[in-house]
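Q: Structure file query-v5.txt (compact mmCIF, C-alpha atoms) right here:
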```
# COMPACT_ATOMS: atom_id res chain seq x y z
CA MET A 1 107.86 135.11 111.45
CA LYS A 2 107.02 132.73 108.59
CA THR A 3 103.74 130.82 108.29
CA LEU A 4 102.96 127.27 107.27
CA LEU A 5 99.22 127.13 106.65
CA ILE A 6 97.41 123.78 106.46
CA LEU A 7 93.87 123.68 105.08
CA GLY A 8 91.99 120.70 106.48
CA ALA A 9 92.41 118.82 109.76
CA GLY A 10 91.44 115.40 108.49
CA THR A 11 93.89 112.52 108.15
CA GLY A 12 96.40 114.22 105.83
CA GLY A 13 96.38 117.68 107.40
CA THR A 14 96.64 116.36 110.96
CA MET A 15 99.60 114.12 110.08
CA VAL A 16 101.40 117.03 108.39
CA ALA A 17 100.88 119.25 111.45
CA ASN A 18 102.24 116.56 113.76
CA LYS A 19 105.31 116.03 111.58
CA MET A 20 106.13 119.64 110.77
CA VAL A 21 105.89 120.82 114.38
CA HIS A 22 109.08 118.83 115.00
CA GLU A 23 110.81 120.06 111.83
CA LEU A 24 110.28 123.82 111.99
CA ASP A 25 111.84 126.16 114.57
CA SER A 26 108.95 127.71 116.54
CA ARG A 27 110.98 130.91 116.88
CA GLU A 28 110.87 131.31 113.10
CA TRP A 29 107.69 129.56 112.03
CA GLU A 30 104.03 129.61 112.97
CA ILE A 31 101.94 126.59 111.98
CA ILE A 32 98.22 127.21 111.47
CA ILE A 33 95.63 124.57 110.59
CA VAL A 34 92.10 125.48 109.50
CA ASP A 35 89.04 123.25 109.46
CA ARG A 36 85.30 123.82 109.58
CA ASP A 37 84.42 120.96 111.96
CA GLU A 38 85.43 120.10 115.52
CA THR A 39 84.92 116.36 115.10
CA HIS A 40 87.39 113.97 113.48
CA TYR A 41 85.86 110.85 111.93
CA TYR A 42 87.60 107.54 111.41
CA GLN A 43 86.19 107.19 107.92
CA PRO A 44 86.91 103.46 107.38
CA GLY A 45 84.64 102.83 110.37
CA LEU A 46 81.59 104.39 108.71
CA LEU A 47 81.30 101.21 106.67
CA PHE A 48 80.60 99.17 109.82
CA ILE A 49 77.83 101.37 111.23
CA PRO A 50 74.99 100.18 108.92
CA PHE A 51 75.55 96.60 110.12
CA GLY A 52 75.74 97.36 113.85
CA ILE A 53 79.43 96.43 114.14
CA TYR A 54 80.28 99.98 115.23
CA ASN A 55 78.04 102.74 116.50
CA PRO A 56 78.67 106.39 115.58
CA ARG A 57 80.54 107.10 118.82
CA ASP A 58 83.15 104.49 117.89
CA VAL A 59 84.36 106.52 114.91
CA GLU A 60 84.50 110.07 116.24
CA LYS A 61 86.82 112.07 118.48
CA PRO A 62 87.55 115.81 118.93
CA LYS A 63 90.07 117.11 116.40
CA ARG A 64 91.79 119.12 119.12
CA ASP A 65 92.93 115.83 120.69
CA PHE A 66 95.28 115.26 117.74
CA ILE A 67 96.57 118.77 117.00
CA PRO A 68 99.84 119.72 118.78
CA LEU A 69 99.42 122.44 121.41
CA ASN A 70 101.78 124.81 119.62
CA VAL A 71 99.83 124.53 116.36
CA ASN A 72 97.10 127.17 116.00
CA LEU A 73 93.79 125.45 115.15
CA ILE A 74 91.19 127.78 113.65
CA LEU A 75 87.63 126.52 113.19
CA SER A 76 86.17 128.25 110.17
CA ASP A 77 84.95 127.74 106.63
CA ILE A 78 87.45 128.77 103.97
CA GLU A 79 86.12 131.48 101.70
CA LEU A 80 88.89 131.78 99.11
CA ILE A 81 92.47 130.73 98.38
CA GLU A 82 94.50 133.42 96.60
CA PRO A 83 97.80 131.80 95.59
CA GLU A 84 98.97 134.79 93.60
CA LYS A 85 98.84 136.82 96.85
CA ASN A 86 99.95 133.96 99.15
CA ARG A 87 96.89 134.35 101.31
CA VAL A 88 93.65 132.65 102.32
CA GLN A 89 90.36 134.32 103.24
CA LEU A 90 88.33 132.68 106.02
CA SER A 91 84.58 133.02 106.56
CA LYS A 92 85.03 133.57 110.30
CA ASP A 93 85.32 137.31 110.96
CA LYS A 94 86.52 137.70 107.33
CA GLN A 95 90.00 136.84 108.60
CA ILE A 96 92.88 136.83 106.10
CA ILE A 97 95.90 134.58 106.67
CA ASN A 98 99.09 135.23 104.76
CA TYR A 99 101.30 132.19 104.24
CA ASP A 100 104.77 131.29 103.07
CA TYR A 101 103.89 127.64 102.46
CA LEU A 102 100.45 126.14 101.99
CA VAL A 103 99.39 122.51 102.39
CA ILE A 104 95.99 121.66 100.92
CA ALA A 105 94.35 118.74 102.71
CA THR A 106 90.71 119.56 102.10
CA GLY A 107 89.75 116.02 101.07
CA SER A 108 86.91 114.84 98.87
CA HIS A 109 83.21 114.95 99.61
CA ILE A 110 80.06 113.28 98.34
CA GLN A 111 77.87 115.41 96.07
CA PRO A 112 74.51 113.64 95.61
CA LYS A 113 73.12 116.74 93.88
CA GLU A 114 75.31 115.86 90.87
CA THR A 115 72.98 112.96 89.96
CA GLU A 116 69.49 113.92 88.82
CA GLY A 117 66.82 112.64 91.19
CA LEU A 118 69.20 111.25 93.79
CA LEU A 119 68.83 114.05 96.32
CA ASP A 120 65.61 115.69 95.15
CA GLY A 121 63.54 112.73 93.95
CA GLY A 122 61.77 112.04 97.24
CA GLY A 123 63.69 108.96 98.36
CA TRP A 124 66.79 110.42 100.00
CA ARG A 125 67.22 108.90 103.48
CA LYS A 126 63.90 107.04 103.05
CA ASN A 127 64.80 104.20 100.70
CA ILE A 128 67.95 105.82 99.27
CA PHE A 129 71.03 106.10 101.46
CA ASP A 130 74.77 106.66 101.41
CA PHE A 131 77.29 105.27 103.90
CA TYR A 132 80.12 107.71 103.14
CA SER A 133 78.85 110.23 105.70
CA PRO A 134 78.18 109.81 109.44
CA ASP A 135 74.50 110.74 109.09
CA GLY A 136 74.03 108.52 106.04
CA ALA A 137 75.62 105.50 107.72
CA ALA A 138 73.51 105.98 110.88
CA ASP A 139 70.26 106.42 108.92
CA LEU A 140 71.01 103.32 106.86
CA ALA A 141 71.64 101.33 110.06
CA ARG A 142 68.17 102.28 111.33
CA PHE A 143 66.61 101.26 108.01
CA LEU A 144 68.38 97.90 107.77
CA LYS A 145 67.52 97.00 111.36
CA PHE A 146 63.87 96.52 110.39
CA TRP A 147 64.07 95.82 106.64
CA LYS A 148 62.39 92.56 105.65
CA GLY A 149 64.08 92.14 102.28
CA GLY A 150 63.72 92.96 98.60
CA ARG A 151 66.15 94.13 95.95
CA MET A 152 69.09 96.15 97.22
CA VAL A 153 71.10 97.96 94.57
CA VAL A 154 74.53 99.40 95.42
CA ASN A 155 75.51 101.98 92.82
CA VAL A 156 78.73 103.93 92.24
CA SER A 157 77.83 107.13 90.43
CA GLU A 158 81.26 107.83 88.94
CA MET A 159 84.96 107.45 89.63
CA PRO A 160 87.11 108.45 91.43
CA ILE A 161 85.67 107.76 94.88
CA LYS A 162 87.15 107.68 98.35
CA CYS A 163 88.39 104.19 99.15
CA PRO A 164 87.54 102.36 95.91
CA VAL A 165 87.17 99.03 97.74
CA ALA A 166 84.53 100.35 100.19
CA PRO A 167 81.54 99.47 97.93
CA LEU A 168 82.84 95.90 97.68
CA GLU A 169 83.25 95.72 101.45
CA PHE A 170 79.70 96.97 101.86
CA LEU A 171 78.42 94.24 99.54
CA PHE A 172 80.35 91.49 101.33
CA LEU A 173 79.23 92.70 104.76
CA ALA A 174 75.63 92.99 103.56
CA ASP A 175 75.76 89.35 102.44
CA TRP A 176 77.03 88.38 105.90
CA PHE A 177 74.51 90.64 107.69
CA PHE A 178 71.51 89.22 105.85
CA HIS A 179 72.74 85.69 106.50
CA GLU A 180 73.04 86.51 110.21
CA ARG A 181 69.46 87.82 110.23
CA GLY A 182 68.23 84.74 108.37
CA ILE A 183 66.84 86.72 105.42
CA ARG A 184 69.59 86.33 102.82
CA ASP A 185 67.28 84.31 100.58
CA GLN A 186 64.82 87.21 100.69
CA VAL A 187 67.36 89.80 99.52
CA GLU A 188 68.62 90.21 95.96
CA ILE A 189 71.87 92.19 95.85
CA VAL A 190 72.97 94.05 92.73
CA TYR A 191 76.19 96.01 92.24
CA ALA A 192 75.99 98.64 89.48
CA THR A 193 79.34 100.24 88.70
CA PRO A 194 80.76 102.39 85.90
CA LEU A 195 83.83 100.14 85.86
CA ASP A 196 84.07 97.21 83.46
CA GLY A 197 84.54 94.84 86.41
CA ALA A 198 84.54 94.65 90.18
CA PHE A 199 87.70 96.76 90.63
CA THR A 200 90.05 99.09 88.79
CA LYS A 201 92.97 96.62 88.50
CA PRO A 202 92.49 93.53 86.24
CA ARG A 203 93.91 90.77 88.45
CA ALA A 204 92.16 91.99 91.60
CA SER A 205 89.00 92.61 89.61
CA GLU A 206 88.92 88.98 88.46
CA ILE A 207 89.33 87.64 92.01
CA LEU A 208 86.90 90.08 93.61
CA GLY A 209 84.39 89.54 90.81
CA GLY A 210 84.61 85.81 91.49
CA MET A 211 83.80 86.49 95.14
CA LEU A 212 80.74 88.49 94.14
CA GLU A 213 79.56 85.59 92.00
CA LYS A 214 80.23 83.09 94.80
CA LYS A 215 78.16 85.19 97.20
CA ASN A 216 75.32 85.46 94.65
CA ILE A 217 75.79 89.21 94.20
CA ASN A 218 74.89 90.32 90.69
CA LEU A 219 77.39 92.59 88.92
CA GLU A 220 76.17 95.23 86.45
CA PRO A 221 79.36 96.65 84.87
CA GLU A 222 79.73 99.79 82.77
CA PHE A 223 76.59 101.28 84.28
CA ASN A 224 76.92 105.05 84.01
CA ILE A 225 74.00 106.49 85.94
CA GLY A 226 72.06 109.33 84.38
CA GLU A 227 69.18 109.67 86.82
CA VAL A 228 67.29 108.19 89.76
CA ASP A 229 63.52 107.77 89.30
CA ASN A 230 62.22 107.01 92.78
CA LYS A 231 58.59 107.05 91.68
CA LYS A 232 59.29 104.00 89.49
CA GLN A 233 62.14 102.95 91.85
CA VAL A 234 64.68 102.55 89.09
CA ILE A 235 68.10 103.96 88.32
CA ARG A 236 68.61 104.77 84.66
CA SER A 237 71.90 104.90 82.78
CA TRP A 238 72.83 107.27 80.00
CA ASP A 239 72.33 104.41 77.51
CA GLU A 240 68.78 103.87 78.86
CA ARG A 241 69.45 100.70 80.86
CA GLU A 242 67.23 100.46 83.93
CA ILE A 243 67.80 98.68 87.24
CA SER A 244 64.91 98.48 89.68
CA TYR A 245 65.39 98.68 93.43
CA ASP A 246 63.57 98.55 96.72
CA LEU A 247 66.61 99.89 98.56
CA LEU A 248 69.25 102.00 96.80
CA VAL A 249 72.64 102.42 98.45
CA SER A 250 74.43 105.14 96.55
CA ILE A 251 78.07 106.11 96.39
CA PRO A 252 77.45 109.60 94.99
CA THR A 253 79.87 111.61 92.89
CA ASN A 254 82.96 112.50 94.95
CA MET A 255 84.41 115.97 94.46
CA GLY A 256 87.09 118.11 96.00
CA ALA A 257 86.17 120.96 98.34
CA GLU A 258 84.04 123.73 96.85
CA VAL A 259 86.64 126.34 97.85
CA ILE A 260 89.07 124.69 95.43
CA GLY A 261 86.63 125.35 92.59
CA ARG A 262 85.86 128.90 93.75
CA SER A 263 89.59 129.64 93.88
CA GLY A 264 90.28 128.30 90.40
CA LEU A 265 92.77 125.75 91.73
CA GLY A 266 91.09 122.52 90.67
CA ASP A 267 90.06 120.38 87.73
CA GLU A 268 86.44 119.72 86.73
CA LEU A 269 85.92 117.72 89.96
CA ASN A 270 87.71 120.30 92.14
CA PHE A 271 90.81 118.16 92.66
CA VAL A 272 94.09 120.09 92.70
CA PRO A 273 96.55 119.16 89.91
CA VAL A 274 99.84 117.94 91.40
CA ASP A 275 103.10 116.37 90.36
CA LYS A 276 102.20 112.76 91.12
CA HIS A 277 105.70 111.92 92.36
CA THR A 278 106.65 115.04 94.39
CA LEU A 279 103.12 116.12 95.51
CA GLN A 280 103.90 119.74 94.74
CA SER A 281 101.15 121.78 93.09
CA SER A 282 101.53 121.82 89.31
CA ALA A 283 100.92 125.58 89.27
CA TRP A 284 102.36 126.98 92.52
CA GLU A 285 105.73 125.93 93.91
CA ASN A 286 104.92 126.84 97.54
CA ILE A 287 101.68 124.81 97.57
CA TRP A 288 101.62 121.11 98.44
CA VAL A 289 98.72 118.66 98.38
CA ILE A 290 98.15 115.53 100.43
CA GLY A 291 95.46 112.87 100.39
CA ASP A 292 92.14 113.06 98.58
CA ALA A 293 92.42 116.75 97.69
CA GLY A 294 94.85 116.18 94.79
CA ASN A 295 94.45 114.60 91.38
CA ALA A 296 97.30 112.08 91.73
CA PRO A 297 96.10 108.92 89.91
CA THR A 298 96.06 106.71 92.99
CA SER A 299 93.39 105.54 95.44
CA LYS A 300 91.74 108.20 97.55
CA ALA A 301 92.30 106.39 100.84
CA GLY A 302 93.84 107.05 104.23
CA SER A 303 96.68 104.60 103.61
CA VAL A 304 97.71 106.62 100.55
CA ALA A 305 97.80 109.85 102.58
CA HIS A 306 100.08 108.06 105.05
CA PHE A 307 102.40 106.85 102.29
CA MET A 308 102.44 110.37 100.82
CA LEU A 309 103.38 111.93 104.16
CA ASP A 310 107.14 111.40 104.33
CA VAL A 311 107.63 112.29 100.66
CA LEU A 312 105.64 115.51 101.06
CA ILE A 313 107.45 116.50 104.28
CA ASP A 314 110.90 115.79 102.81
CA ASN A 315 110.18 117.71 99.63
CA MET A 316 108.71 120.70 101.42
CA LEU A 317 111.78 120.90 103.68
CA ARG A 318 114.07 120.50 100.68
CA HIS A 319 112.25 123.31 98.90
CA MET A 320 112.70 125.55 101.95
CA GLU A 321 116.43 124.89 101.72
CA GLY A 322 116.58 125.48 97.96
CA LEU A 323 117.32 121.84 97.19
CA GLU A 324 116.06 119.73 94.29
CA LEU A 325 112.85 117.82 94.96
CA LEU A 326 112.80 114.03 95.13
CA ALA A 327 110.26 112.29 92.89
CA GLU A 328 109.74 109.42 95.32
CA PHE A 329 106.00 108.93 95.73
CA ASP A 330 105.10 105.84 93.68
CA GLY A 331 101.33 105.79 94.20
CA HIS A 332 101.60 103.20 96.97
CA ALA A 333 98.24 102.05 98.32
CA ASN A 334 97.13 99.15 100.43
CA CYS A 335 93.66 98.30 101.61
CA PHE A 336 92.11 95.69 103.85
CA ILE A 337 88.84 94.49 102.33
CA GLU A 338 86.44 93.13 104.92
CA SER A 339 84.68 90.18 103.28
CA GLY A 340 82.34 89.03 106.07
CA PHE A 341 82.25 86.01 108.36
CA GLU A 342 85.44 87.27 110.10
CA GLN A 343 87.44 87.07 106.87
CA GLY A 344 89.31 89.74 104.99
CA ILE A 345 91.49 90.37 101.94
CA LEU A 346 94.51 92.65 101.58
CA ILE A 347 95.69 94.35 98.40
CA ASP A 348 98.96 96.28 97.97
CA PHE A 349 99.81 98.14 94.77
CA ASN A 350 101.15 101.36 93.23
CA TYR A 351 101.07 103.37 89.99
CA ASP A 352 102.82 100.66 88.00
CA VAL A 353 102.19 97.36 89.80
CA GLU A 354 98.70 95.95 90.20
CA PRO A 355 97.71 93.92 93.30
CA LEU A 356 99.53 90.58 93.38
CA PRO A 357 99.21 87.52 95.64
CA GLY A 358 101.73 86.86 98.38
CA LYS A 359 102.45 87.69 102.02
CA TYR A 360 102.67 91.11 103.72
CA PRO A 361 104.60 92.80 105.24
CA LEU A 362 107.15 90.02 105.90
CA PRO A 363 107.97 87.94 102.76
CA GLY A 364 106.73 84.38 103.18
CA LEU A 365 105.54 85.03 106.73
CA GLY A 366 102.90 87.72 106.59
CA PRO A 367 100.97 87.62 108.82
CA PHE A 368 98.68 89.08 106.17
CA SER A 369 97.78 87.33 102.91
CA LEU A 370 97.56 89.31 99.68
CA LEU A 371 94.60 88.77 97.34
CA LYS A 372 93.34 85.94 99.53
CA GLU A 373 90.74 85.70 102.28
CA SER A 374 92.06 85.03 105.77
CA PRO A 375 91.06 85.66 109.41
CA SER A 376 94.34 87.55 109.99
CA ASN A 377 93.33 90.09 107.34
CA HIS A 378 90.03 90.59 109.15
CA TRP A 379 91.75 91.19 112.47
CA GLY A 380 94.26 93.49 110.77
CA LYS A 381 91.34 95.58 109.57
CA MET A 382 89.76 95.66 113.02
CA MET A 383 93.01 96.52 114.79
CA PHE A 384 93.78 99.35 112.42
CA ARG A 385 91.30 101.65 114.18
CA TRP A 386 93.51 101.62 117.30
CA MET A 387 96.61 102.26 115.20
CA TYR A 388 94.87 105.12 113.42
CA TRP A 389 93.92 106.98 116.58
CA ASN A 390 97.09 106.27 118.54
CA ILE A 391 99.91 106.19 115.97
CA LEU A 392 99.07 107.26 112.43
CA LEU A 393 97.21 110.52 113.14
CA LYS A 394 99.89 111.63 115.60
CA GLY A 395 102.59 111.28 112.97
CA GLY A 396 104.09 108.18 114.59
CA GLU A 397 106.18 105.64 112.75
CA MET A 398 104.25 102.79 111.15
CA PRO A 399 105.86 99.45 110.19
CA PHE A 400 105.37 100.09 106.46
CA GLU A 401 107.59 101.90 103.96
CA SER A 402 106.23 104.76 101.85
CA GLN A 403 107.39 103.02 98.66
CA MET A 404 105.87 99.70 97.67
CA THR A 405 108.16 96.69 97.75
CA MET A 406 107.94 93.58 95.59
CA ALA A 407 109.27 91.44 98.46
CA GLY A 408 106.76 88.74 99.35
CA LYS A 409 104.72 89.15 96.18
CA TRP A 410 104.26 86.40 93.60
CA GLN A 411 104.33 87.36 89.94
```
As structure tokens - that is how I would like this structure written.
A:
Amino acid sequence: MKTLLILGAGTGGTMVANKMVHELDSREWEIIIVDRDETHYYQPGLLFIPFGIYNPRDVEKPKRDFIPLNVNLILSDIELIEPEKNRVQLSKDKQIINYDYLVIATGSHIQPKETEGLLDGGGWRKNIFDFYSPDGAADLARFLKFWKGGRMVVNVSEMPIKCPVAPLEFLFLADWFFHERGIRDQVEIVYATPLDGAFTKPRASEILGGMLEKKNINLEPEFNIGEVDNKKQVIRSWDEREISYDLLVSIPTNMGAEVIGRSGLGDELNFVPVDKHTLQSSAWENIWVIGDAGNAPTSKAGSVAHFMLDVLIDNMLRHMEGLELLAEFDGHANCFIESGFEQGILIDFNYDVEPLPGKYPLPGLGPFSLLKESPSNHWGKMMFRWMYWNILLKGGEMPFESQMTMAGKWQ
């Protein structure tokens, strides 16, 4: 009996399990998936919790609900990956699992301890919050419910981060939220980012930066945070620039799972080096990486994991048959950006093509508009939660191709 071992039962790992259970003969293969937590979180929904649009129960379900019955789900921490021995050590009962093929889907995780003073300076979850974790989003919701105003600084510690547009969505929703509460004129909003603009791609950055300006949100570009001084209530950059705050909303350093570092499989941020087109490990031919766990130079977002899925499955099956791999993943990413007041923006891009205006997915028809605010984009964002739980996670077919198309885009 051969073993396909999947590490991580988040978006990427769950989709792989649901696809491969139909591809591998159960008389010849055992599929095992390992994860430390029982609860699956719809991570795009965490963004809505601070503003009372969702509550925590809206974004969580048991992981077992999405794992096929004939896939063995083991709940345990992962102690060590030993690729030279084709085995993984688990913390639970010191269990060792030998594998023939390994899929790493361990994701990325916030590490506030990486920034001096952020976690240990006395302000964490008092006047300093994150929204990238369930607890952080819920604590921030409680704080904002009674906050009377002041200077709110949203700071990205360093790139890459999960869902690069999420900080912008937070800013736009905060503008809407404070307007709804009638205190927008009592809140100064500042966005401090290590990027030289609002976003990583020039054309989108110009448009999104214009929206920040229109909404009276101050942009502080090229701000590389060195420390948080909560006694003085300032964040300080490496070049000694200071930004004062009353409320600090931090997007801490994002890193791959600690087990990746312990196992010597990652780069300096614990992301696994991969071939960016085949998704095979750069070092081990029977190891494959999906989603945020790898170092492919694309957005760390759920849509990217979905676009990776078919390429990864096809290549893994081809490798099992001794066939040449197909270099077909093009870095495709698309993201709805909630912009407040029941409006949204959609961007669609890949490794080589930056976000462009146009219509998506049907050329000229949409219904979604690219690089432009529209109500349909907002409702697309809101409807995606249902699609996530009911189609995407279960490995169902979505009406989008893995490769980006130029159809409907305007140069």
Q: Residues at most 9 Å from Gln43 in chain A, counting only C-alpha atoms, excluding those fewer than 6 positions away in the same chain, as an NGL selection string?
A: :A and (59-60 or 132-134 or 302)
Q: Taking only C-alpha atoms into account, name the residue in A:Tyr41, A:Trp379, A:Trp284, A:Trp29 that is nearest to Leu265 in chain A.
A: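 When distances to Leu265 in chain A are compared using only C-alpha atoms, the smallest one comes from A:Trp284.
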Q: May I ask for the distance between CA of Phe400 in chain A and CA of Glu373 in chain A, given in Å to one decimal place?
A: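 Here the two named atoms are 20.9 Å from each other.
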Q: Which residues are close to Gly226 in chain A, i.e. within 8 Å by all atoms listed in the file, leaving aside same-chain residues fewer than 5 positions away? Reply as a compact mmCIF listing (two decimals) with C-alpha atoms, keeping the file's coordinate frame.
A:
```txt
# COMPACT_ATOMS: atom_id res chain seq x y z
CA THR A 115 72.98 112.96 89.96
CA GLU A 116 69.49 113.92 88.82
CA ILE A 235 68.10 103.96 88.32
CA ARG A 236 68.61 104.77 84.66
CA SER A 237 71.90 104.90 82.78
CA TRP A 238 72.83 107.27 80.00
```
Q: In terms of the shortest atom-to-atom distance over all atoms listed in the file, which of A:Asn224, A:Thr253, A:Ser76, A:Thr193 is closest to Leu118 in chain A?
A: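 Going through A:Asn224, A:Thr253, A:Ser76, A:Thr193 one by one, the smallest distance to Leu118 in chain A is for A:Thr253.
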Q: Would you work out the distance separating CA of Ala174 in chain A from CA of Ile189 in chain A, expressed in Å to one decimal?
A: 8.6 Å
Q: Which one is closest to Phe341 in chain A: A:Asp239, A:Asp196, A:Glu82, A:Glu169? Count only C-alpha atoms.
A: A:Glu169
Q: So, with all atoms listed in the file as the atoms that count, which of A:Ile290, A:Ile110, A:Ile49, A:Ile32 lies closest to Leu269 in chain A?
A: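 Residue with the minimum atom-to-atom distance to Leu269 in chain A: A:Ile110.
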Q: Rank nothing, just name the residue among A:Gln343, A:Ser299, A:Ser281, A:Asn86 nearest to Ile104 in chain A, using all atoms listed in the file.
A: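 Closest to Ile104 in chain A, using all atoms listed in the file: A:Ser281.
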Q: When you draw a straight line from CA of Glu227 in chain A to CA of Gly117 in chain A, how long is it in Å?
A: 5.8 Å
Q: Excluding Glu188 in chain A and its own-chain neighbours fewer than 3 positions away, which residues fall within 9 Å of it when counting all atoms listed in the file? Please give them as a PyMOL selection string.
A: chain A and resi 149-153+184-185+216-218
Q: Would you mind exporting the chosen residues as a JSON list (two decimals), in the frame of the given file, restricted to C-alpha atoms?
A:
```json
[["chain", "number", "residue", "atom", "x", "y", "z"],
["A", 149, "GLY", "CA", 64.08, 92.14, 102.28],
["A", 150, "GLY", "CA", 63.72, 92.96, 98.60],
["A", 151, "ARG", "CA", 66.15, 94.13, 95.95],
["A", 152, "MET", "CA", 69.09, 96.15, 97.22],
["A", 153, "VAL", "CA", 71.10, 97.96, 94.57],
["A", 184, "ARG", "CA", 69.59, 86.33, 102.82],
["A", 185, "ASP", "CA", 67.28, 84.31, 100.58],
["A", 216, "ASN", "CA", 75.32, 85.46, 94.65],
["A", 217, "ILE", "CA", 75.79, 89.21, 94.20],
["A", 218, "ASN", "CA", 74.89, 90.32, 90.69]]
```
Q: May I ask which of the residues A:Arg36, A:His378, A:His109, A:Lys126 is the closest one to Glu342 in chain A, counting all atoms listed in the file?
A: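 Looking only at the distances to Glu342 in chain A, the closest residue turns out to be A:His378.
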